[in-house]
$ cat my_file-v2.txt   # compact mmCIF, C-alpha atoms
# COMPACT_ATOMS: atom_id res chain seq x y z
CA MET A 1 53.63 -104.20 12.69
CA ASP A 2 52.22 -102.56 15.83
CA ASN A 3 49.76 -100.41 13.83
CA LEU A 4 48.50 -103.39 11.88
CA ALA A 5 47.95 -105.27 15.11
CA ARG A 6 46.01 -102.31 16.61
CA GLU A 7 43.79 -102.05 13.50
CA HIS A 8 43.03 -105.73 13.74
CA ILE A 9 42.19 -105.29 17.39
CA ASP A 10 39.76 -102.40 16.58
CA ILE A 11 38.02 -104.28 13.81
CA ASN A 12 37.77 -107.27 16.04
CA THR A 13 36.34 -105.15 18.85
CA LEU A 14 33.76 -103.62 16.53
CA ARG A 15 32.85 -107.02 15.17
CA LEU A 16 32.49 -108.31 18.72
CA LEU A 17 30.33 -105.38 19.76
CA TYR A 18 28.16 -105.68 16.62
CA THR A 19 27.69 -109.41 17.17
CA ARG A 20 26.85 -108.81 20.82
CA TYR A 21 24.44 -105.87 20.37
CA LYS A 22 23.00 -106.37 16.85
CA GLY A 23 19.64 -107.31 18.38
CA PHE A 24 19.40 -103.85 19.94
CA ILE A 25 19.98 -101.87 16.73
CA VAL A 26 16.52 -102.22 15.16
CA PRO A 27 14.54 -101.43 18.39
CA PHE A 28 16.89 -98.52 19.06
CA LEU A 29 16.33 -97.08 15.56
CA ALA A 30 12.58 -97.61 15.97
CA ILE A 31 12.58 -95.63 19.24
CA VAL A 32 14.63 -92.85 17.63
CA VAL A 33 12.18 -92.69 14.70
CA VAL A 34 9.21 -92.61 17.13
CA VAL A 35 10.77 -89.74 19.09
CA ILE A 36 11.44 -87.80 15.88
CA LEU A 37 7.88 -88.44 14.65
CA PHE A 38 6.45 -87.38 17.98
CA VAL A 39 8.41 -84.13 18.13
CA LYS A 40 8.19 -83.17 14.46
CA ILE A 41 4.71 -84.38 13.50
CA THR A 42 2.54 -85.43 16.43
CA ILE A 43 3.05 -82.38 18.67
CA PRO A 44 2.41 -79.85 15.81
CA SER A 45 -0.64 -81.92 14.77
CA ILE A 46 -2.03 -81.78 18.32
CA GLN A 47 -1.41 -78.02 18.39
CA ASP A 48 -3.16 -77.63 15.02
CA LEU A 49 -6.06 -79.68 16.32
CA PHE A 50 -6.50 -77.39 19.35
CA LYS A 51 -6.18 -74.36 17.10
CA GLY A 52 -8.85 -75.86 14.85
CA TYR A 53 -11.16 -76.34 17.83
CA GLU A 54 -10.60 -72.73 18.91
CA GLU A 55 -11.35 -71.51 15.37
CA GLN A 56 -14.46 -73.63 15.28
CA LYS A 57 -15.56 -72.14 18.61
CA VAL A 58 -15.19 -68.65 17.11
CA ALA A 59 -17.02 -69.76 13.94
CA ILE A 60 -19.90 -71.14 16.04
CA GLN A 61 -20.06 -67.88 18.01
CA THR A 62 -20.06 -65.88 14.76
CA LEU A 63 -22.83 -68.08 13.39
CA GLU A 64 -24.86 -67.61 16.58
CA ASN A 65 -24.36 -63.83 16.33
CA LEU A 66 -25.39 -63.89 12.69
CA ARG A 67 -28.53 -65.85 13.52
CA GLY A 68 -29.25 -63.41 16.34
CA LYS A 69 -28.73 -60.50 13.95
CA LEU A 70 -30.99 -62.11 11.37
CA ASN A 71 -33.79 -62.65 13.89
CA PHE A 72 -33.30 -59.13 15.19
CA VAL A 73 -33.41 -57.38 11.81
CA LYS A 74 -36.28 -59.59 10.64
CA ASN A 75 -38.43 -58.30 13.48
CA LEU A 76 -37.54 -54.66 12.96
CA ASP A 77 -40.01 -52.15 11.68
CA ASN A 78 -38.32 -50.91 8.52
CA SER A 79 -40.23 -47.64 8.28
CA ASN A 80 -39.56 -46.85 11.95
CA ILE A 81 -35.83 -47.44 11.51
CA ALA A 82 -35.83 -45.32 8.35
CA SER A 83 -37.49 -42.41 10.14
CA GLN A 84 -35.11 -42.75 13.11
CA PHE A 85 -32.20 -42.87 10.66
CA ASN A 86 -33.37 -39.70 8.92
CA LEU A 87 -33.97 -37.91 12.19
CA VAL A 88 -30.56 -38.63 13.73
CA ASN A 89 -28.84 -37.77 10.45
CA LYS A 90 -30.72 -34.48 10.35
CA ALA A 91 -29.62 -33.81 13.93
CA LEU A 92 -25.99 -34.65 13.31
CA PRO A 93 -25.21 -34.84 9.60
CA ILE A 94 -22.24 -36.80 8.37
CA THR A 95 -21.04 -33.93 6.18
CA LYS A 96 -21.24 -30.16 6.05
CA ASP A 97 -24.94 -29.95 5.29
CA PHE A 98 -25.33 -26.42 3.90
CA ASP A 99 -28.91 -27.00 2.85
CA SER A 100 -30.07 -27.99 6.34
CA VAL A 101 -28.06 -25.16 7.93
CA LEU A 102 -29.62 -22.54 5.65
CA ASN A 103 -33.05 -24.02 6.20
CA ALA A 104 -32.58 -23.98 9.98
CA ILE A 105 -31.51 -20.32 9.91
CA SER A 106 -34.32 -19.38 7.54
CA ASP A 107 -36.92 -21.26 9.55
CA SER A 108 -35.72 -19.81 12.88
CA SER A 109 -35.76 -16.35 11.34
CA ASN A 110 -39.34 -16.83 10.16
CA LYS A 111 -40.53 -18.30 13.45
CA SER A 112 -38.92 -15.61 15.61
CA GLY A 113 -39.81 -12.82 13.21
CA VAL A 114 -36.20 -11.69 13.09
CA ALA A 115 -34.94 -10.62 9.71
CA ILE A 116 -31.47 -11.74 8.78
CA GLY A 117 -29.21 -9.13 7.29
CA GLY A 118 -26.42 -11.26 5.95
CA PHE A 119 -24.59 -14.55 6.23
CA LYS A 120 -20.97 -15.47 6.47
CA PHE A 121 -19.89 -19.09 6.31
CA LEU A 122 -16.53 -20.22 7.63
CA VAL A 123 -16.49 -23.47 5.74
CA GLY A 124 -12.91 -24.69 6.00
CA SER A 125 -11.49 -27.38 3.80
CA LEU A 126 -14.01 -29.12 1.59
CA SER A 127 -11.69 -31.82 0.37
CA LYS A 128 -9.86 -32.85 3.52
CA GLU A 129 -11.37 -34.79 6.33
CA GLU A 130 -11.46 -32.97 9.65
CA ASP A 131 -8.70 -34.52 11.70
CA GLY A 132 -8.18 -34.14 15.38
CA ASN A 133 -11.49 -32.43 16.00
CA GLU A 134 -13.89 -34.81 17.66
CA TYR A 135 -16.92 -32.79 16.67
CA PRO A 136 -16.22 -30.58 13.66
CA THR A 137 -18.52 -27.65 13.02
CA LEU A 138 -19.67 -25.44 10.22
CA ASN A 139 -19.33 -21.89 11.47
CA VAL A 140 -21.90 -19.32 10.45
CA SER A 141 -21.84 -15.69 11.41
CA LEU A 142 -24.97 -13.67 10.69
CA SER A 143 -26.35 -10.26 11.40
CA ALA A 144 -29.90 -10.03 12.64
CA ILE A 145 -32.11 -6.98 12.52
CA GLY A 146 -33.18 -6.43 16.10
CA GLY A 147 -31.99 -6.02 19.65
CA VAL A 148 -31.46 -8.40 22.55
CA GLU A 149 -35.04 -9.66 22.75
CA ALA A 150 -35.17 -10.39 19.03
CA VAL A 151 -31.85 -12.24 19.16
CA ASP A 152 -33.04 -14.22 22.17
CA LYS A 153 -36.14 -15.32 20.27
CA PHE A 154 -34.03 -16.25 17.25
CA ILE A 155 -31.58 -18.23 19.39
CA GLY A 156 -34.49 -19.95 21.12
CA SER A 157 -35.92 -21.03 17.82
CA LEU A 158 -32.53 -22.14 16.50
CA THR A 159 -31.77 -24.15 19.65
CA LYS A 160 -34.87 -26.21 18.94
CA ALA A 161 -34.01 -26.74 15.26
CA LEU A 162 -31.98 -29.40 13.54
CA PRO A 163 -29.09 -29.78 12.75
CA LEU A 164 -27.76 -29.33 16.27
CA SER A 165 -25.99 -26.04 16.77
CA GLU A 166 -24.26 -24.04 19.45
CA ILE A 167 -24.22 -20.27 19.78
CA THR A 168 -20.62 -19.24 20.25
CA LYS A 169 -20.93 -15.46 20.15
CA VAL A 170 -23.66 -12.89 20.51
CA SER A 171 -23.14 -9.20 20.08
CA ALA A 172 -26.49 -7.49 20.48
CA GLN A 173 -26.92 -3.75 19.99
CA LYS A 174 -30.14 -1.74 19.93
CA ASP A 175 -31.04 -2.36 16.29
CA THR A 176 -28.67 -4.94 14.90
CA SER A 177 -27.00 -7.96 16.38
CA ILE A 178 -24.35 -10.38 15.32
CA VAL A 179 -24.65 -14.06 16.15
CA ALA A 180 -21.99 -16.69 15.56
CA ILE A 181 -23.26 -20.24 15.36
CA ASP A 182 -21.47 -23.59 15.15
CA PHE A 183 -23.46 -26.25 13.35
CA TYR A 184 -22.26 -29.70 14.31
CA TYR A 185 -21.59 -32.55 11.95
CA LYS A 186 -19.73 -35.80 12.37
CA PRO A 187 -18.28 -37.88 9.54
CA LEU A 188 -18.65 -41.62 9.80
CA LYS A 189 -15.43 -43.45 10.50
CA LYS A 190 -14.41 -46.11 8.04
CA SER A 191 -14.79 -49.46 9.72
CA LYS A 192 -14.39 -53.04 8.62
CA TYR A 193 -17.57 -55.08 8.78
CA ASP A 194 -17.29 -57.83 11.35
CA ASP A 195 -19.89 -60.59 11.41
CA SER A 196 -18.67 -61.77 14.79
CA LEU A 197 -19.89 -58.58 16.46
CA PRO A 198 -23.46 -58.64 17.68
CA ILE A 199 -25.84 -55.90 16.63
CA ASN A 200 -26.99 -53.62 19.43
CA GLN A 201 -30.57 -52.61 19.85
CA ILE A 202 -31.29 -48.93 20.32
CA SER A 203 -31.02 -48.38 24.06
CA ASN A 204 -33.82 -46.87 26.14
CA ASP A 205 -31.76 -43.70 26.51
CA GLY A 206 -31.33 -43.66 22.75
CA LEU A 207 -35.06 -44.01 22.22
CA LYS A 208 -35.67 -41.18 24.69
CA LEU A 209 -33.18 -39.03 22.79
CA ILE A 210 -34.92 -39.82 19.49
CA GLU A 211 -38.23 -38.88 21.08
CA GLU A 212 -36.70 -35.62 22.28
CA LEU A 213 -35.22 -34.91 18.86
CA SER A 214 -38.56 -35.53 17.20
CA THR A 215 -39.90 -32.49 19.08
CA PHE A 216 -37.24 -30.36 17.40
CA ASN A 217 -37.89 -28.39 14.28
CA ILE A 218 -36.78 -30.09 11.10
CA PRO A 219 -36.83 -27.27 8.58
CA GLN A 220 -37.59 -28.41 5.06
CA SER A 221 -36.13 -26.85 1.99
CA PRO A 222 -38.60 -24.54 0.26
CA ILE A 223 -37.52 -26.18 -3.01
CA SER A 224 -38.48 -29.65 -1.82
CA ASP A 225 -41.72 -28.23 -0.42
CA SER A 226 -42.68 -26.76 -3.77
CA VAL A 227 -41.68 -29.95 -5.53
CA SER A 228 -43.83 -31.99 -3.19
CA GLY A 229 -46.75 -29.65 -3.75
CA ASN A 230 -46.61 -27.79 -0.43
CA ASP A 231 -46.06 -24.44 -2.06
CA SER A 232 -49.53 -23.19 -1.22
CA VAL A 233 -48.21 -21.65 2.01
CA SER A 234 -45.84 -18.90 1.00
CA THR A 235 -43.81 -17.78 3.96
CA PRO A 236 -41.29 -15.01 3.57
CA SER A 237 -37.83 -16.52 3.61
CA ALA A 238 -34.82 -14.81 5.06
CA ASN A 239 -32.61 -17.36 3.35
CA PRO A 240 -30.90 -15.47 0.57
CA PHE A 241 -30.30 -18.71 -1.34
CA PHE A 242 -34.00 -19.51 -1.70
CA MET B 1 34.65 -128.27 40.66
CA SER B 2 33.74 -124.82 41.94
CA ASN B 3 31.07 -122.70 40.20
CA GLU B 4 33.49 -119.77 40.20
CA ILE B 5 35.79 -121.46 37.82
CA ASN B 6 32.92 -122.82 35.69
CA LEU B 7 33.03 -120.33 32.84
CA LEU B 8 30.12 -121.96 31.04
CA ILE B 9 27.59 -121.21 33.85
CA LYS B 10 28.62 -117.51 34.08
CA LYS B 11 28.24 -117.08 30.34
CA ASP B 12 24.67 -118.43 30.42
CA LYS B 13 23.69 -116.02 33.18
CA ASN B 14 25.05 -113.04 31.25
CA LEU B 15 23.31 -114.25 28.13
CA LEU B 16 19.99 -114.53 29.92
CA LYS B 17 20.40 -111.06 31.38
CA GLU B 18 21.16 -109.58 27.97
CA GLN B 19 18.30 -111.45 26.35
CA SER B 20 15.84 -110.08 28.89
CA LYS B 21 17.25 -106.55 28.30
CA LEU B 22 16.77 -107.03 24.58
CA LYS B 23 13.24 -108.22 25.18
CA VAL B 24 12.43 -105.13 27.22
CA PHE B 25 14.04 -102.95 24.57
CA ARG B 26 12.05 -104.61 21.79
CA LEU B 27 8.84 -104.31 23.75
CA THR B 28 9.53 -100.60 24.38
CA ALA B 29 10.16 -100.02 20.67
CA ILE B 30 7.00 -101.86 19.65
CA GLY B 31 5.01 -100.11 22.37
CA SER B 32 6.18 -96.67 21.33
CA LEU B 33 5.48 -97.48 17.68
CA LEU B 34 1.98 -98.61 18.56
CA THR B 35 1.43 -95.55 20.77
CA ILE B 36 2.48 -93.13 18.04
CA LEU B 37 0.32 -95.01 15.59
CA LEU B 38 -2.68 -94.75 17.90
CA ILE B 39 -2.10 -91.05 18.58
CA SER B 40 -1.72 -90.34 14.86
CA LEU B 41 -4.86 -92.27 14.07
CA SER B 42 -6.78 -90.42 16.78
CA ILE B 43 -5.54 -87.05 15.50
CA PHE B 44 -6.51 -88.02 11.97
CA LEU B 45 -10.01 -89.05 13.05
CA LEU B 46 -10.47 -85.93 15.20
CA ASN B 47 -9.26 -83.77 12.33
CA GLN B 48 -11.72 -85.44 10.00
CA LYS B 49 -14.53 -84.82 12.48
CA LEU B 50 -13.42 -81.22 12.96
CA SER B 51 -13.20 -80.48 9.25
CA ASN B 52 -16.62 -82.08 8.68
CA SER B 53 -18.26 -79.97 11.37
CA SER B 54 -16.35 -76.88 10.12
CA LEU B 55 -17.74 -77.50 6.66
CA GLU B 56 -21.22 -77.76 8.13
CA ILE B 57 -20.74 -74.52 10.06
CA GLU B 58 -19.47 -72.79 6.94
CA LYS B 59 -22.51 -74.04 4.99
CA ASP B 60 -24.83 -72.75 7.74
CA ARG B 61 -22.96 -69.44 7.79
CA GLU B 62 -23.32 -69.04 4.05
CA SER B 63 -27.03 -69.81 4.18
CA VAL B 64 -27.55 -67.32 7.06
CA LEU B 65 -25.51 -64.73 5.15
CA ALA B 66 -27.64 -65.29 2.06
CA GLU B 67 -30.77 -64.93 4.17
CA MET B 68 -29.30 -61.80 5.74
CA LYS B 69 -28.58 -60.10 2.41
CA PRO B 70 -31.94 -58.32 2.01
CA PHE B 71 -31.65 -56.99 5.57
CA ARG B 72 -28.14 -55.55 5.22
CA GLU B 73 -29.46 -52.04 4.65
CA ILE B 74 -31.53 -52.13 7.84
CA GLU B 75 -28.53 -53.49 9.71
CA SER B 76 -26.34 -50.63 8.45
CA LYS B 77 -29.05 -48.13 9.35
CA ILE B 78 -29.33 -49.39 12.90
CA ILE B 79 -25.54 -49.31 13.32
CA ILE B 80 -25.50 -45.70 12.06
CA VAL B 81 -28.47 -44.76 14.27
CA ASN B 82 -26.61 -46.12 17.31
CA ASN B 83 -23.47 -44.27 16.27
CA ARG B 84 -25.39 -41.00 15.80
CA ILE B 85 -27.16 -41.42 19.15
CA ASP B 86 -23.80 -41.76 20.93
CA ASN B 87 -22.42 -38.69 19.21
CA ILE B 88 -25.58 -36.60 19.65
CA THR B 89 -25.57 -37.41 23.38
CA LYS B 90 -21.97 -36.22 23.61
CA VAL B 91 -22.72 -33.04 21.64
CA LEU B 92 -25.75 -32.24 23.80
CA LYS B 93 -23.65 -32.76 26.93
CA LYS B 94 -20.84 -30.50 25.77
CA ARG B 95 -22.77 -27.66 24.15
CA ILE B 96 -23.64 -24.57 26.17
CA ASP B 97 -27.34 -23.78 26.14
CA VAL B 98 -27.00 -20.09 25.41
CA TYR B 99 -30.76 -19.66 25.01
CA LYS B 100 -31.38 -20.94 28.55
CA ILE B 101 -28.62 -18.67 29.93
CA LEU B 102 -29.82 -15.55 28.12
CA ASN B 103 -33.46 -16.30 28.86
CA THR B 104 -32.76 -16.73 32.58
CA ILE B 105 -30.78 -13.49 32.78
CA LEU B 106 -33.23 -11.53 30.64
CA GLY B 107 -36.05 -12.93 32.76
CA LYS B 108 -34.51 -11.28 35.80
CA ILE B 109 -34.56 -7.83 34.23
CA PRO B 110 -37.36 -5.84 35.80
CA ASP B 111 -39.42 -3.17 34.05
CA GLY B 112 -37.65 0.13 33.80
CA ILE B 113 -34.35 -1.27 32.62
CA LEU B 114 -33.29 -0.97 29.03
CA ILE B 115 -30.58 -3.23 27.64
CA GLU B 116 -28.26 -1.16 25.50
CA THR B 117 -25.83 -3.90 24.53
CA LEU B 118 -25.25 -7.53 25.34
CA GLU B 119 -22.12 -9.47 24.49
CA PHE B 120 -21.72 -13.19 24.92
CA SER B 121 -18.50 -14.96 24.08
CA GLY B 122 -17.03 -18.12 25.48
CA LYS B 123 -18.01 -18.12 29.11
CA LYS B 124 -18.47 -14.41 29.60
CA ILE B 125 -21.46 -12.11 29.28
CA SER B 126 -21.12 -8.34 29.26
CA MET B 127 -24.15 -6.06 29.49
CA ASN B 128 -24.73 -2.35 29.32
CA ILE B 129 -28.05 -1.33 30.79
CA THR B 130 -29.81 2.01 31.29
CA SER B 131 -32.46 3.00 33.78
CA TYR B 132 -34.06 6.15 35.05
CA SER B 133 -34.36 4.75 38.54
CA LEU B 134 -31.98 2.93 40.86
CA ILE B 135 -34.76 0.71 42.25
CA PRO B 136 -35.01 -1.69 39.26
CA ILE B 137 -31.22 -1.74 39.06
CA ASP B 138 -31.09 -2.74 42.70
CA VAL B 139 -33.66 -5.50 42.13
CA PHE B 140 -31.74 -6.78 39.09
CA PHE B 141 -28.44 -6.73 40.97
CA ASN B 142 -29.84 -8.56 43.96
CA ASP B 143 -31.25 -11.24 41.70
CA LEU B 144 -27.89 -11.65 39.94
CA ILE B 145 -26.05 -11.78 43.28
CA GLU B 146 -28.44 -14.49 44.47
CA MET B 147 -27.78 -16.44 41.27
CA ALA B 148 -24.04 -16.07 41.75
CA LYS B 149 -24.33 -17.26 45.36
CA ARG B 150 -26.30 -20.31 44.29
CA LYS B 151 -23.92 -20.76 41.32
CA GLU B 152 -26.99 -20.84 39.12
CA ILE B 153 -25.65 -19.96 35.66
CA VAL B 154 -23.70 -16.95 36.99
CA LYS B 155 -20.46 -17.93 38.66
CA SER B 156 -19.08 -14.46 39.29
CA LEU B 157 -20.39 -10.97 38.83
CA THR B 158 -18.47 -7.72 38.34
CA LEU B 159 -19.88 -4.24 38.21
CA GLU B 160 -17.56 -2.57 35.72
CA SER B 161 -19.04 0.94 35.87
CA LEU B 162 -22.02 2.96 37.05
CA ASP B 163 -22.51 6.36 35.41
CA ALA B 164 -25.16 8.83 36.42
CA SER B 165 -26.13 11.45 33.87
CA SER B 166 -27.56 14.62 35.38
CA LEU B 167 -28.64 15.79 31.91
CA THR B 168 -30.93 12.86 31.08
CA GLY B 169 -31.43 11.70 34.66
CA SER B 170 -30.47 8.17 33.72
CA TYR B 171 -28.03 5.61 35.10
CA LYS B 172 -25.76 3.62 32.82
CA ILE B 173 -24.37 0.43 34.19
CA SER B 174 -21.84 -1.99 32.78
CA ILE B 175 -21.79 -5.56 34.15
CA ASP B 176 -19.53 -8.55 33.45
CA MET B 177 -20.62 -12.07 34.30
CA ASN B 178 -18.70 -15.29 34.18
CA ILE B 179 -20.88 -18.27 33.49
$ encode --input "my_file-v2.txt" --output "structure tokens"
Amino acid sequence: MDNLAREHIDINTLRLLYTRYKGFIVPFLAIVVVVILFVKITIPSIQDLFKGYEEQKVAIQTLENLRGKLNFVKNLDNSNIASQFNLVNKALPITKDFDSVLNAISDSSNKSGVAIGGFKFLVGSLSKEEDGNEYPTLNVSLSAIGGVEAVDKFIGSLTKALPLSEITKVSAQKDTSIVAIDFYYKPLKKSKYDDSLPINQISNDGLKLIEELSTFNIPQSPISDSVSGNDSVSTPSANPFF
Amino acid sequence: MSNEINLLIKKDKNLLKEQSKLKVFRLTAIGSLLTILLISLSIFLLNQKLSNSSLEIEKDRESVLAEMKPFREIESKIIIVNNRIDNITKVLKKRIDVYKILNTILGKIPDGILIETLEFSGKKISMNITSYSLIPIDVFFNDLIEMAKRKEIVKSLTLESLDASSLTGSYKISIDMNI
């Protein structure tokens, strides 16, 4: 009897409360829905909008860079760039350039009048990329017929020849001398092309360097000379491969 | 009759209070709905504007890229030239100019001195020289000492040996130099 009475009281209370506050239910639900919409949809949309503006800013910058690049490359002298490209690649090849090395040795030998007795290449791995070494080299050890003065002349000629080299060892006797030379090369690193990066002009220091390099000897292969019709001048070659 | 015992008046007051609360509540709900609607509409319009201008930028980009296509090779060349210039500068800075070193030292050798052997390795030069007189040797030594003092190429100088041969009347000298 008591329980039944309590149930009736609860139902009555609920009915009373509903009747009293039923006007508040719809506005309350509307506010709840608005809050949920604001948190779940509006805030992420605002964030996306800002992100979109940032992306557009980057896209505009990329476009400006591209336009700048286009104007820059349009005004470049193609033949000048090609010759600069060839020169710097002769100076520092991207691979072990045996042909240029042999030509440099042969040409230096001819110019200094020092006969070369024999070559020894320390090539290293041909298949693997040189890791860890910032400036890998192709090591050549050669014996020259002549004393200190002759070797000095040969080194002088080689120092002014391309590809760039460094004398690492000299052992000069009266009649024969041994010279160890490191010929530098530098592989190109794989890089992802990025349109957003501006293209740099060759700096003044770079242009000075190119000018300096152009005074260096760029020995040509006797084979290419004869192919191009320059075989009328026959110079004795110390290069055993030609 | 007192107002305190007039239940009808009190009820009206409470009703009015609750009605005004409900009004405020309804207004808040409508206001927030309108606000969210306005914000959403603004976001939609801004998004539309953004996507339109993004499309335009993309179109421009594609046209510039198409225009750029014939110049890609030149672009690559100039990037490589810049890369090579950086590396060549570094190589030239780090390499030892052996020709300059040898030329300077050989230039100091006066007449009357014969170089028997010369060894260069790393940062060390060893020389064996012969002379029939001590005067050119003295001149050569003084020059090398001056160079060492000025730290010009030669950083330190060591006289390893000096042999005098009474048979040939010559002097054999062995020198080590750190460069």
$ residues_around --input "my_file-v2.txt" --residues "region 20-26 of chain A" --least-positions-apart "5" --cutoff "8 Å" --atoms "all atoms listed in the file" --output "ChimeraX atom specification"
/B:22,25-26
$ interface_residues --input "my_file-v2.txt" --of "chain B" --to "chain A" --cutoff "6 Å" --atoms "only C-alpha atoms" --output "MDAnalysis selection string"
chainID B and resid 26 29 61 68 81 85 99 116:121
$ atom_distance --input "my_file-v2.txt" --atom1 "CA of Leu134 (chain B)" --atom2 "CA of Tyr171 (chain B)"
7.5 Å
$ residues_around --input "my_file-v2.txt" --residues "Pro110 (chain B)" --least-positions-apart "4" --cutoff "10 Å" --atoms "only C-alpha atoms" --output "JSON, numbers by chain"
{"B": [106, 114, 135, 136, 137, 138, 139, 140]}
$ atom_distance --input "my_file-v2.txt" --atom1 "CA of Ile36 (chain B)" --atom2 "CA of Val39 (chain A)"
10.8 Å
$ atom_distance --input "my_file-v2.txt" --atom1 "CA of Ile179 (chain B)" --atom2 "CA of Phe141 (chain B)"
15.7 Å
